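Pasted below: work_9.csv, CSV, C-alpha atoms.
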chain,number,residue,atom,x,y,z
C,1,MET,CA,8.0,-19.0,-18.0
C,2,ALA,CA,4.7,-17.3,-18.6
C,3,SER,CA,4.3,-13.5,-18.6
C,4,TYR,CA,1.1,-11.6,-17.7
C,5,ARG,CA,0.1,-8.0,-18.2
C,6,VAL,CA,-2.4,-6.6,-15.7
C,7,GLU,CA,-3.7,-3.0,-15.7
C,8,LEU,CA,-4.4,-1.8,-12.2
C,9,PRO,CA,-7.0,0.8,-11.4
C,10,ALA,CA,-5.9,4.3,-10.5
C,11,GLY,CA,-5.0,4.5,-6.8
C,12,CYS,CA,-4.0,0.8,-6.5
C,13,THR,CA,-1.1,0.7,-4.1
C,14,GLU,CA,-0.8,-3.0,-3.3
C,15,VAL,CA,-1.1,-6.3,-5.2
C,16,THR,CA,-0.9,-9.8,-3.8
C,17,LEU,CA,0.4,-12.4,-6.3
C,18,VAL,CA,-0.5,-16.0,-5.5
C,19,ARG,CA,1.3,-19.0,-7.1
C,20,VAL,CA,-1.2,-21.7,-8.0
C,21,GLU,CA,1.4,-24.4,-7.6
C,22,ASP,CA,2.1,-23.9,-3.9
C,23,GLY,CA,-0.2,-21.1,-2.7
C,24,SER,CA,2.8,-18.9,-1.8
C,25,GLU,CA,2.0,-15.2,-1.8
C,26,THR,CA,4.1,-12.1,-2.7
C,27,VAL,CA,2.9,-8.6,-1.9
C,28,VAL,CA,4.0,-5.9,-4.3
C,29,ARG,CA,3.5,-2.3,-3.0
C,30,PHE,CA,3.5,0.8,-5.1
C,31,ASP,CA,4.1,4.4,-4.0
C,32,VAL,CA,1.2,6.5,-5.0
C,33,ASP,CA,3.6,9.2,-6.2
C,34,THR,CA,5.0,6.9,-8.8
C,35,ALA,CA,1.9,7.7,-11.0
C,36,PHE,CA,2.9,9.9,-14.0
C,37,GLY,CA,1.0,12.0,-16.5
C,38,PRO,CA,-2.4,13.6,-16.0
C,39,VAL,CA,-4.7,11.8,-13.5
C,40,LEU,CA,-7.9,13.7,-14.3
C,41,ARG,CA,-9.3,14.3,-17.8
C,42,GLU,CA,-9.4,17.9,-18.9
C,43,ASP,CA,-13.2,18.0,-18.8
C,44,VAL,CA,-13.1,16.9,-15.1
C,45,ALA,CA,-10.3,19.4,-14.3
C,46,GLY,CA,-12.4,22.1,-16.0
C,47,ARG,CA,-15.4,21.3,-13.9
C,48,LEU,CA,-13.3,21.4,-10.7
C,49,ARG,CA,-12.0,24.9,-11.7
C,50,GLU,CA,-15.7,26.0,-12.1
C,51,TYR,CA,-16.3,24.7,-8.6
C,52,LEU,CA,-13.5,26.9,-7.2
C,53,VAL,CA,-14.9,29.9,-9.0
C,54,ARG,CA,-18.4,29.3,-7.5
C,55,GLU,CA,-17.1,28.1,-4.1
C,56,PRO,CA,-13.6,29.5,-3.3
C,57,GLY,CA,-12.0,27.1,-0.9
C,58,SER,CA,-14.1,24.1,-2.2
C,59,GLU,CA,-12.8,20.8,-1.0
C,60,ALA,CA,-14.1,19.1,-4.2
C,61,PRO,CA,-10.9,19.3,-6.3
C,62,ALA,CA,-8.7,17.7,-3.6
C,63,LEU,CA,-11.5,15.1,-2.8
C,64,VAL,CA,-11.9,14.0,-6.4
C,65,ASP,CA,-8.1,13.7,-6.8
C,66,PHE,CA,-8.0,11.6,-3.6
C,67,MET,CA,-10.9,9.4,-4.8
C,68,VAL,CA,-9.2,8.7,-8.2
C,69,ARG,CA,-5.5,8.5,-7.2
C,70,ARG,CA,-5.8,6.8,-3.8
C,71,LEU,CA,-9.1,5.0,-3.8
C,72,GLY,CA,-9.4,3.8,-7.4
C,73,PHE,CA,-12.7,5.6,-8.3
C,74,GLN,CA,-13.4,6.1,-12.0
C,75,VAL,CA,-14.8,9.4,-13.3
C,76,GLY,CA,-17.9,9.2,-15.4
C,77,PRO,CA,-18.7,11.5,-18.3
C,78,VAL,CA,-19.1,15.2,-17.3
C,79,VAL,CA,-22.6,16.2,-18.2
C,80,ALA,CA,-23.9,19.8,-18.4
C,81,ARG,CA,-24.2,21.2,-14.8
C,82,SER,CA,-24.4,17.9,-13.1
C,83,PRO,CA,-22.0,17.0,-10.3
C,84,ILE,CA,-19.1,14.8,-11.1
C,85,ARG,CA,-20.0,11.1,-11.0
C,86,LEU,CA,-17.4,8.7,-9.6
C,87,THR,CA,-17.8,5.0,-9.4
C,88,VAL,CA,-15.8,2.1,-7.9
C,89,VAL,CA,-16.5,-1.5,-8.6
C,90,ASP,CA,-15.5,-4.2,-6.1
C,91,ARG,CA,-17.7,-6.7,-4.4
C,92,ARG,CA,-20.3,-3.9,-4.5
C,93,THR,CA,-20.5,-1.0,-6.9
C,94,VAL,CA,-20.5,2.4,-5.3
C,95,THR,CA,-21.4,5.6,-7.2
C,96,LEU,CA,-21.0,9.0,-5.6
C,97,TRP,CA,-21.7,12.4,-7.0
C,98,VAL,CA,-19.3,15.2,-6.0
C,99,GLY,CA,-20.5,18.9,-6.3
C,100,ALA,CA,-18.7,22.0,-5.3
C,101,ALA,CA,-19.8,21.6,-1.7
C,102,THR,CA,-21.5,18.2,-1.5
C,103,VAL,CA,-21.0,14.5,-1.8
C,104,VAL,CA,-24.2,12.7,-2.7
C,105,SER,CA,-25.1,9.0,-2.6
C,106,ALA,CA,-28.2,8.4,-4.8
C,107,SER,CA,-28.4,4.6,-4.9
C,108,LYS,CA,-31.1,2.8,-2.9
C,109,ARG,CA,-28.5,0.0,-2.4
C,110,GLN,CA,-26.2,2.5,-0.6
C,111,THR,CA,-28.9,4.3,1.5
C,112,ALA,CA,-28.7,2.3,4.7
C,113,PHE,CA,-24.9,2.4,4.7
C,114,ALA,CA,-24.8,6.1,3.8
C,115,LEU,CA,-27.1,7.0,6.7
C,116,SER,CA,-24.8,5.3,9.1
C,117,LEU,CA,-22.0,7.8,8.3
C,118,PRO,CA,-21.4,11.1,10.2
C,119,GLY,CA,-22.9,14.2,8.6
C,120,ALA,CA,-25.5,12.2,6.5
C,121,VAL,CA,-28.7,14.1,5.5
C,122,GLN,CA,-31.4,12.1,3.9
C,123,LYS,CA,-33.0,14.1,1.0
C,124,ASP,CA,-35.6,11.5,-0.2
C,125,ASP,CA,-35.9,7.7,-0.2
C,126,ALA,CA,-32.5,7.1,-1.8
C,127,ARG,CA,-30.5,10.4,-1.9
C,128,VAL,CA,-28.2,11.0,1.0
C,129,LEU,CA,-26.2,14.2,1.1
C,130,PHE,CA,-23.0,15.1,2.9
C,131,ARG,CA,-22.1,18.9,3.0
C,132,LEU,CA,-18.4,19.3,2.6
C,133,GLY,CA,-16.8,21.6,5.1
C,134,SER,CA,-19.7,21.2,7.6
C,135,PRO,CA,-18.8,20.4,11.2
C,136,GLY,CA,-18.7,16.6,11.7
C,137,THR,CA,-18.4,15.9,7.9
C,138,ASP,CA,-15.0,14.6,6.8
C,139,GLY,CA,-15.0,14.3,3.0
C,140,PRO,CA,-12.0,12.0,2.7
C,141,GLY,CA,-13.3,9.8,5.6
C,142,ILE,CA,-16.7,9.5,4.0
C,143,VAL,CA,-15.5,8.4,0.6
C,144,ARG,CA,-12.9,6.1,2.2
C,145,ALA,CA,-15.8,4.5,4.2
C,146,PHE,CA,-17.8,4.0,1.0
C,147,ARG,CA,-14.7,2.5,-0.7
C,148,ASP,CA,-14.2,0.1,2.2
C,149,TRP,CA,-17.9,-0.8,2.1
C,150,ALA,CA,-17.6,-1.6,-1.6
C,151,GLY,CA,-14.9,-4.1,-0.9
C,152,ALA,CA,-16.6,-5.7,2.2

Since I need it in another form, could you write the structure as structure tokens?
Amino acid sequence: MASYRVELPAGCTEVTLVRVEDGSETVVRFDVDTAFGPVLREDVAGRLREYLVREPGSEAPALVDFMVRRLGFQVGPVVARSPIRLTVVDRRTVTLWVGAATVVSASKRQTAFALSLPGAVQKDDARVLFRLGSPGTDGPGIVRAFRDWAGA
């Protein structure tokens, strides 16, 4: 009997195991609430607290938590006053920047897709901005759409 250790990304809630011998599949599901310990690094949590000071009621803290815990995004290094960079790698790589009141897609490869989403505002040739809390802009829906697009 062989044993394997696999580390799953944060937010992974389902794994399909396939036996090479006969192609049989077993689906293993995890409850998201089974995660333990801190989910966000202290520097990220600190930046989110800053967002709440500047923008009381900001959706950013809940959105970043959702992106990490539920969708498997990884948080990049927190730099000076820059928004928080979150990346997910699947068939495509998606990088989004979350500020106190915005989600920004800044990759030329993502531009056409980003512009197809509700609430998209094109800022220049590559940057597409979504204003959190604006009518017609659903933060979790937008980041979930990007996540789905990454896997398509």

Could you check the closest approach to Gly139 (chain C) for each of C:Gln74, C:Thr102, C:Gln110, C:Ser3 and tell me which residue wins, using all atoms listed in the file?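 Closest to Gly139 (chain C) of all the choices is C:Thr102.
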
Surrounding residues of Arg54 (chain C) excluding itself and chain neighbours under 3 positions, 8 Å, only C-alpha atoms, as number ranges by chain: C: 50-51, 100

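Ranking C:Asp90, C:Ser116, C:Leu129, C:Gly99 by their shortest atom-to-atom distance to Ala150 (chain C), with only C-alpha atoms included, puts C:Asp90 first.
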
What's the separation between CA of Val53 (chain C) and CA of Ser105 (chain C), in Å to one decimal place?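 We find that CA of Val53 (chain C) and CA of Ser105 (chain C) lie 24.1 Å from each other.
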
Please measure the separation of CA of Phe130 (chain C) and CA of Glu42 (chain C), giving the value in Å to one decimal.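 Separating CA of Phe130 (chain C) from CA of Glu42 (chain C) is a distance of 25.8 Å.
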
Can you find the residues with an atom no farther than 8 Å from (-18.2, 21.0, 1.8), counting all atoms listed in the file, and report them as a list in words?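 The requested residues, written out, are Ser58, Glu59, Ala60, Ala100, Ala101, Thr102, Val103, Phe130, Arg131, Leu132, Gly133, Ser134, Thr137 and Gly139 of chain C.
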
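Between Asp125 (chain C) and the residues C:Leu52, C:Ala106, C:Val143, C:Val98, the shortest atom-to-atom distance, using all atoms listed in the file, involves C:Ala106.
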
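For the pair CA of Arg92 (chain C) and CA of Phe73 (chain C), the interatomic distance is 12.7 Å.
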
Nearby residues (all atoms listed in the file) at most 12 Å from Leu17 (chain C), same-chain spacing under 5 positions excluded, as a count of residues only: 10

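Near Val88 (chain C), within a cut-off of 10 Å and counting all atoms listed in the file, sit the residues Pro9, Met67, Val68, Leu71, Gly72, Phe73, Gln74, Val75, Thr93, Val94, Thr95, Leu96, Phe146, Arg147, Ala150 and Gly151 of chain C, with same-chain residues fewer than 5 positions away left out.
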
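Counting all atoms listed in the file and comparing C:Arg47, C:Glu55, C:Arg127, C:Val104, the residue that lies closest to Ala80 (chain C) is C:Arg47.
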
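Using all atoms listed in the file, the nearest neighbour of Leu40 (chain C) within the list C:Arg85, C:Arg69, C:Lys123, C:Arg109 is C:Arg69.
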
Nearest-residue call for Ser107 (chain C), choices C:Val79, C:Glu21, C:Ala126, C:Gly119, using only C-alpha atoms: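 Under the stated criterion, the closest residue is C:Ala126.
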
Working from the structure I just supplied, which lacks atoms in region 68-79 of chain C, can you model all heavy atoms there and output them as a short mmCIF file (atom, residue, chain, number, x, y, z; two decimals), in the frame of the given file?
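Below is the file selection.cif, written as the result:
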data_model
loop_
_atom_site.label_atom_id
_atom_site.label_comp_id
_atom_site.auth_asym_id
_atom_site.auth_seq_id
_atom_site.Cartn_x
_atom_site.Cartn_y
_atom_site.Cartn_z
N VAL C 68 -9.74 9.38 -6.99
CA VAL C 68 -9.20 8.70 -8.20
C VAL C 68 -7.81 8.15 -7.92
O VAL C 68 -7.56 6.98 -8.19
CB VAL C 68 -9.13 9.77 -9.36
CG1 VAL C 68 -8.35 9.21 -10.54
CG2 VAL C 68 -10.54 10.17 -9.77
N ARG C 69 -6.90 8.95 -7.35
CA ARG C 69 -5.50 8.50 -7.20
C ARG C 69 -5.34 7.50 -6.05
O ARG C 69 -4.56 6.56 -6.17
CB ARG C 69 -4.61 9.71 -6.90
CG ARG C 69 -4.38 10.57 -8.11
CD ARG C 69 -3.54 11.77 -7.75
NE ARG C 69 -2.26 11.40 -7.22
CZ ARG C 69 -1.10 11.49 -7.87
NH1 ARG C 69 -1.09 11.94 -9.10
NH2 ARG C 69 0.02 11.15 -7.29
N ARG C 70 -6.03 7.68 -4.97
CA ARG C 70 -5.80 6.80 -3.80
C ARG C 70 -6.81 5.70 -3.63
O ARG C 70 -6.49 4.66 -3.08
CB ARG C 70 -5.82 7.68 -2.52
CG ARG C 70 -4.80 8.78 -2.49
CD ARG C 70 -3.46 8.26 -2.02
NE ARG C 70 -2.45 9.28 -2.08
CZ ARG C 70 -1.84 9.80 -1.03
NH1 ARG C 70 -2.15 9.39 0.17
NH2 ARG C 70 -0.91 10.71 -1.19
N LEU C 71 -8.06 5.94 -4.07
CA LEU C 71 -9.10 5.00 -3.80
C LEU C 71 -9.57 4.19 -5.03
O LEU C 71 -10.36 3.26 -4.90
CB LEU C 71 -10.30 5.63 -3.12
CG LEU C 71 -9.99 6.36 -1.80
CD1 LEU C 71 -11.27 6.98 -1.24
CD2 LEU C 71 -9.34 5.43 -0.79
N GLY C 72 -9.11 4.58 -6.20
CA GLY C 72 -9.40 3.80 -7.40
C GLY C 72 -10.79 4.11 -8.02
O GLY C 72 -11.27 3.33 -8.85
N PHE C 73 -11.44 5.21 -7.67
CA PHE C 73 -12.70 5.60 -8.30
C PHE C 73 -12.45 5.97 -9.76
O PHE C 73 -11.40 6.54 -10.08
CB PHE C 73 -13.36 6.75 -7.57
CG PHE C 73 -14.12 6.37 -6.34
CD1 PHE C 73 -13.47 6.15 -5.14
CD2 PHE C 73 -15.50 6.24 -6.38
CE1 PHE C 73 -14.17 5.81 -3.99
CE2 PHE C 73 -16.21 5.90 -5.24
CZ PHE C 73 -15.55 5.68 -4.05
N GLN C 74 -13.42 5.68 -10.61
CA GLN C 74 -13.40 6.10 -12.00
C GLN C 74 -14.36 7.21 -12.22
O GLN C 74 -15.47 7.18 -11.68
CB GLN C 74 -13.75 4.89 -12.91
CG GLN C 74 -12.86 3.67 -12.74
CD GLN C 74 -11.44 3.94 -13.17
OE1 GLN C 74 -11.19 4.50 -14.23
NE2 GLN C 74 -10.48 3.57 -12.32
N VAL C 75 -13.97 8.20 -13.02
CA VAL C 75 -14.80 9.40 -13.30
C VAL C 75 -15.69 9.10 -14.48
O VAL C 75 -15.19 8.70 -15.54
CB VAL C 75 -13.98 10.63 -13.48
CG1 VAL C 75 -14.87 11.84 -13.70
CG2 VAL C 75 -13.04 10.86 -12.31
N GLY C 76 -16.99 9.33 -14.32
CA GLY C 76 -17.90 9.20 -15.40
C GLY C 76 -17.87 10.41 -16.34
O GLY C 76 -17.16 11.37 -16.06
N PRO C 77 -18.65 10.37 -17.40
CA PRO C 77 -18.70 11.50 -18.30
C PRO C 77 -19.21 12.77 -17.56
O PRO C 77 -20.10 12.67 -16.73
CB PRO C 77 -19.71 11.11 -19.38
CG PRO C 77 -19.85 9.63 -19.25
CD PRO C 77 -19.51 9.28 -17.84
N VAL C 78 -18.63 13.90 -17.87
CA VAL C 78 -19.10 15.20 -17.30
C VAL C 78 -20.25 15.65 -18.12
O VAL C 78 -20.13 15.81 -19.33
CB VAL C 78 -17.93 16.19 -17.24
CG1 VAL C 78 -18.43 17.53 -16.75
CG2 VAL C 78 -16.80 15.67 -16.37
N VAL C 79 -21.38 15.88 -17.46
CA VAL C 79 -22.60 16.20 -18.20
C VAL C 79 -23.09 17.61 -17.69
O VAL C 79 -23.27 17.83 -16.49
CB VAL C 79 -23.71 15.19 -17.90
CG1 VAL C 79 -24.99 15.54 -18.63
CG2 VAL C 79 -23.22 13.80 -18.27
#
